[in-house]
$ cat structure.txt   # compact mmCIF, C-alpha atoms
# COMPACT_ATOMS: atom_id res chain seq x y z
CA MET A 256 65.83 -109.35 -28.95
CA LYS A 257 65.05 -109.01 -25.26
CA ASP A 258 65.31 -105.56 -23.67
CA PRO A 259 68.27 -105.67 -21.21
CA ALA A 260 66.26 -103.51 -18.77
CA SER A 261 63.66 -106.27 -18.45
CA THR A 262 66.00 -109.12 -17.53
CA ASP A 263 65.77 -110.60 -14.06
CA GLU A 264 69.42 -109.74 -13.44
CA PHE A 265 68.85 -106.05 -14.30
CA VAL A 266 65.67 -105.88 -12.22
CA HIS A 267 67.45 -107.34 -9.18
CA GLN A 268 70.45 -105.05 -9.61
CA ARG A 269 68.18 -102.03 -10.05
CA ASP A 270 66.29 -102.96 -6.90
CA ARG A 271 69.54 -103.39 -4.93
CA LEU A 272 70.85 -100.05 -6.16
CA ASN A 273 67.58 -98.29 -5.38
CA GLU A 274 67.65 -99.75 -1.87
CA ALA A 275 71.29 -98.70 -1.44
CA LEU A 276 70.44 -95.14 -2.54
CA ARG A 277 67.41 -95.06 -0.20
CA ALA A 278 69.59 -96.28 2.68
CA TYR A 279 72.24 -93.66 1.84
CA GLY A 280 69.55 -90.97 1.90
CA ALA A 281 68.32 -92.24 5.26
CA SER A 282 71.89 -92.17 6.60
CA TYR A 283 72.29 -88.59 5.33
CA THR A 284 69.11 -87.64 7.18
CA GLU A 285 70.41 -89.34 10.34
CA LEU A 286 73.71 -87.45 9.96
CA ALA A 287 71.80 -84.15 9.85
CA ARG A 288 69.88 -85.18 12.99
CA GLU A 289 73.14 -86.06 14.75
CA PHE A 290 74.65 -82.70 13.77
CA ALA A 291 71.51 -81.03 15.14
CA ALA A 292 71.72 -82.96 18.40
CA SER A 293 75.42 -82.20 18.80
CA GLU A 294 74.65 -78.47 18.60
CA GLY A 295 71.30 -78.45 20.41
CA LEU A 296 69.47 -77.45 17.23
CA HIS A 297 66.13 -78.49 15.82
CA SER A 298 66.74 -80.93 12.96
CA THR A 299 65.18 -78.53 10.42
CA ASP A 300 67.57 -75.79 11.56
CA ALA A 301 70.52 -78.15 11.09
CA VAL A 302 69.34 -79.14 7.60
CA ALA A 303 69.05 -75.45 6.72
CA LEU A 304 72.56 -74.79 8.03
CA ILE A 305 73.93 -77.69 6.00
CA GLU A 306 72.25 -76.30 2.87
CA ILE A 307 73.65 -72.82 3.55
CA LEU A 308 77.16 -74.18 4.19
CA ALA A 309 77.08 -76.42 1.09
CA ALA A 310 75.90 -73.55 -1.11
CA GLU A 311 78.74 -71.38 0.18
CA GLU A 312 81.24 -74.15 -0.56
CA ARG A 313 79.91 -74.26 -4.14
CA GLY A 314 80.32 -70.48 -4.35
CA THR A 315 76.58 -69.92 -4.81
CA PRO A 316 75.09 -68.56 -1.58
CA LEU A 317 71.38 -69.19 -1.13
CA SER A 318 68.63 -66.64 -0.97
CA PRO A 319 65.92 -67.18 1.65
CA ALA A 320 63.50 -68.18 -1.15
CA ARG A 321 65.92 -70.78 -2.56
CA LEU A 322 66.54 -72.16 0.93
CA SER A 323 62.79 -72.37 1.42
CA ASP A 324 62.57 -74.50 -1.74
CA ARG A 325 65.54 -76.68 -0.70
CA ILE A 326 64.12 -77.52 2.74
CA ALA A 327 60.44 -77.55 1.76
CA LEU A 328 59.21 -74.86 4.15
CA THR A 329 56.88 -71.97 3.51
CA ALA A 330 58.37 -68.50 3.22
CA GLY A 331 57.02 -67.62 6.67
CA ALA A 332 58.43 -70.76 8.32
CA THR A 333 61.77 -70.18 6.62
CA SER A 334 61.83 -66.59 7.88
CA THR A 335 61.21 -67.81 11.44
CA LEU A 336 63.94 -70.43 11.07
CA LEU A 337 66.39 -67.83 9.74
CA ASN A 338 65.56 -65.52 12.63
CA ARG A 339 66.48 -68.35 15.06
CA LEU A 340 69.74 -69.09 13.25
CA GLU A 341 70.64 -65.40 13.09
CA LEU A 342 69.83 -64.88 16.77
CA ALA A 343 72.01 -67.89 17.65
CA GLY A 344 74.88 -66.31 15.69
CA HIS A 345 75.02 -69.09 13.08
CA ILE A 346 74.14 -67.07 9.97
CA VAL A 347 73.94 -63.56 8.64
CA ARG A 348 71.74 -62.18 5.88
CA SER A 349 73.54 -59.82 3.56
CA ARG A 350 72.83 -57.61 0.60
CA VAL A 351 76.23 -57.72 -1.10
CA HIS A 352 74.77 -58.23 -4.57
CA ALA A 353 74.72 -55.25 -6.94
CA ASP A 354 70.93 -55.39 -6.66
CA ARG A 355 70.53 -54.51 -2.97
CA ARG A 356 67.09 -56.15 -2.90
CA ILE A 357 68.71 -59.58 -3.20
CA VAL A 358 69.44 -61.13 0.19
CA THR A 359 71.93 -63.97 0.50
CA LEU A 360 72.57 -66.22 3.46
CA HIS A 361 76.04 -66.74 4.89
CA SER A 362 77.39 -68.81 7.73
CA THR A 363 79.34 -67.16 10.51
CA PRO A 364 82.96 -68.17 11.17
CA ASN A 365 81.91 -69.84 14.44
CA ILE A 366 79.38 -72.21 12.84
CA GLN A 367 81.84 -72.93 10.03
CA ILE A 368 84.38 -74.11 12.63
CA ILE A 369 81.73 -76.22 14.38
CA ALA A 370 80.60 -77.77 11.09
CA ASP A 371 84.18 -78.48 10.02
CA GLU A 372 84.91 -80.21 13.33
CA PHE A 373 81.77 -82.33 12.96
CA PHE A 374 81.97 -83.19 9.24
CA GLN A 375 85.72 -83.30 8.52
CA PRO A 376 86.28 -86.76 10.05
CA LEU A 377 83.44 -88.10 7.91
CA GLY A 378 84.92 -86.41 4.85
CA GLU A 379 88.22 -88.17 5.53
CA ARG A 380 86.46 -91.54 5.87
CA ILE A 381 84.52 -90.99 2.65
CA ALA A 382 87.73 -90.02 0.84
CA ALA A 383 89.37 -93.23 2.09
CA ALA A 384 86.39 -95.33 0.94
CA MET A 385 86.43 -93.66 -2.48
CA ALA A 386 90.21 -94.11 -2.82
CA LYS A 387 89.63 -97.88 -2.89
CA HIS A 388 87.98 -97.56 -6.29
CA PRO A 389 89.47 -96.65 -9.67
CA PRO A 390 88.88 -93.12 -10.92
CA GLU A 391 87.02 -94.46 -13.97
CA LEU A 392 84.46 -96.19 -11.73
CA LEU A 393 84.02 -93.04 -9.63
CA GLU A 394 83.48 -91.03 -12.81
CA GLN A 395 80.84 -93.52 -14.01
CA PHE A 396 79.17 -93.39 -10.60
CA GLU A 397 79.20 -89.58 -10.69
CA HIS A 398 77.49 -89.66 -14.08
CA LEU A 399 74.94 -92.22 -12.89
CA LEU A 400 74.10 -90.12 -9.82
CA GLY A 401 73.76 -87.06 -12.04
CA ASP A 402 71.40 -88.91 -14.37
CA LEU A 403 69.35 -90.19 -11.41
CA ARG A 404 69.16 -86.69 -9.89
CA VAL A 405 67.97 -85.13 -13.15
CA THR A 406 65.43 -87.94 -13.61
CA MET A 407 64.09 -87.37 -10.09
CA GLU A 408 63.99 -83.57 -10.50
CA ASP A 409 62.10 -83.95 -13.79
CA TYR A 410 59.63 -86.32 -12.15
CA ILE A 411 59.10 -83.88 -9.26
CA ALA A 412 58.55 -80.98 -11.68
CA ASP A 413 56.01 -83.08 -13.62
CA ALA A 414 54.22 -84.04 -10.38
CA ILE A 415 54.05 -80.40 -9.30
CA ALA A 416 52.77 -79.32 -12.70
CA ALA A 417 50.11 -82.05 -12.68
CA ARG A 418 49.00 -81.10 -9.17
CA GLU A 419 48.83 -77.39 -10.00
CA SER A 420 47.14 -77.72 -13.40
CA PRO A 421 43.42 -77.03 -13.48
CA LYS A 422 41.37 -80.21 -13.55
$ encode --input "structure.txt" --output "structure tokens"
Amino acid sequence: MKDPASTDEFVHQRDRLNEALRAYGASYTELAREFAASEGLHSTDAVALIEILAAEERGTPLSPARLSDRIALTAGATSTLLNRLELAGHIVRSRVHADRRIVTLHSTPNIQIIADEFFQPLGERIAAAMAKHPPELLEQFEHLLGDLRVTMEDYIADAIAARESPK
């Protein structure tokens, strides 16, 4: 019996989906650049703000170290970036955790308003696009994206381990 993953139809569909995901990622990057431009920020600063805001929305504020990992900057570069964002009044660093050594990053009300004004119209458009599809399909898509994310994260962890292992 032929493996369904090796059929021409599957290969073409996989390639189309991979291209669609790549294009979506590129559009997300362009969105971050547009947000940066609208606020006169460096694109890396905008990406950091988006990460901080998203983490807050999930109820899991980022530490500077976790942000550093998320945006692929060194600890020193992340510290400089955070100093700029703090000086601009966009974020605050706080030690509200029981362990006062743990610093978490929080957006200020002003940047939250700015971000909401920028991203809310897109959120409404995305909701309208998603509403065109049955909930079962959206659930399947959510599971597929989760599987793809885990697969990519595992691959990245393996690549890092291979690079860091003694030869």
$ atom_distance --input "structure.txt" --atom1 "CA of Arg321 in chain A" --atom2 "CA of Ile307 in chain A"
10.1 Å
$ closest_residue --input "structure.txt" --among "A:Ile346, A:Leu377, A:Leu393, A:Leu403" --to "Asn365 in chain A" --atoms "all atoms listed in the file"
A:Ile346
$ atom_distance --input "structure.txt" --atom1 "CA of Ile369 in chain A" --atom2 "CA of Thr315 in chain A"
20.8 Å
$ closest_residue --input "structure.txt" --among "A:Thr262, A:Thr335, A:Ser298, A:Asn273" --to "Leu286 in chain A" --atoms "all atoms listed in the file"
A:Ser298
$ closest_residue --input "structure.txt" --among "A:Gly331, A:Pro319, A:Gly378, A:Gly344" --to "Glu306 in chain A" --atoms "all atoms listed in the file"
A:Pro319
$ residues_near_point --input "structure.txt" --point "(71.7, -68.1, -4.4)" --cutoff "12 Å" --atoms "all atoms listed in the file" --output "VMD selection string"
chain A and resid 306 to 325 348 to 352 357 to 361
$ write_last_selection --input "structure.txt" --atoms "C-alpha atoms" --output "tab-separated table (two decimals), in the frame of the given file"
chain	number	residue	atom	x	y	z
A	306	GLU	CA	72.25	-76.30	2.87
A	307	ILE	CA	73.65	-72.82	3.55
A	308	LEU	CA	77.16	-74.18	4.19
A	309	ALA	CA	77.08	-76.42	1.09
A	310	ALA	CA	75.90	-73.55	-1.11
A	311	GLU	CA	78.74	-71.38	0.18
A	312	GLU	CA	81.24	-74.15	-0.56
A	313	ARG	CA	79.91	-74.26	-4.14
A	314	GLY	CA	80.32	-70.48	-4.35
A	315	THR	CA	76.58	-69.92	-4.81
A	316	PRO	CA	75.09	-68.56	-1.58
A	317	LEU	CA	71.38	-69.19	-1.13
A	318	SER	CA	68.63	-66.64	-0.97
A	319	PRO	CA	65.92	-67.18	1.65
A	320	ALA	CA	63.50	-68.18	-1.15
A	321	ARG	CA	65.92	-70.78	-2.56
A	322	LEU	CA	66.54	-72.16	0.93
A	323	SER	CA	62.79	-72.37	1.42
A	324	ASP	CA	62.57	-74.50	-1.74
A	325	ARG	CA	65.54	-76.68	-0.70
A	348	ARG	CA	71.74	-62.18	5.88
A	349	SER	CA	73.54	-59.82	3.56
A	350	ARG	CA	72.83	-57.61	0.60
A	351	VAL	CA	76.23	-57.72	-1.10
A	352	HIS	CA	74.77	-58.23	-4.57
A	357	ILE	CA	68.71	-59.58	-3.20
A	358	VAL	CA	69.44	-61.13	0.19
A	359	THR	CA	71.93	-63.97	0.50
A	360	LEU	CA	72.57	-66.22	3.46
A	361	HIS	CA	76.04	-66.74	4.89
$ atom_distance --input "structure.txt" --atom1 "CA of Thr284 in chain A" --atom2 "CA of Ile305 in chain A"
11.1 Å
$ residues_around --input "structure.txt" --residues "range 290-297 of chain A" --least-positions-apart "6" --cutoff "10 Å" --atoms "all atoms listed in the file" --output "PDB file with C-alpha atoms, in the frame of the given file"
ATOM      1  CA  THR A 284      69.110 -87.640   7.180  1.00  0.00           C
ATOM      2  CA  LEU A 304      72.560 -74.790   8.030  1.00  0.00           C
ATOM      3  CA  ILE A 305      73.930 -77.690   6.000  1.00  0.00           C
ATOM      4  CA  LEU A 336      63.940 -70.430  11.070  1.00  0.00           C
ATOM      5  CA  ARG A 339      66.480 -68.350  15.060  1.00  0.00           C
ATOM      6  CA  LEU A 340      69.740 -69.090  13.250  1.00  0.00           C
ATOM      7  CA  ALA A 343      72.010 -67.890  17.650  1.00  0.00           C
ATOM      8  CA  ILE A 366      79.380 -72.210  12.840  1.00  0.00           C
ATOM      9  CA  ILE A 369      81.730 -76.220  14.380  1.00  0.00           C
ATOM     10  CA  ALA A 370      80.600 -77.770  11.090  1.00  0.00           C
ATOM     11  CA  PHE A 373      81.770 -82.330  12.960  1.00  0.00           C
ATOM     12  CA  PHE A 374      81.970 -83.190   9.240  1.00  0.00           C
TER      13      PHE A 374
END
$ closest_residue --input "structure.txt" --among "A:Ala416, A:Ala332, A:Leu337, A:Ile381" --to "Ser362 in chain A" --atoms "all atoms listed in the file"
A:Leu337
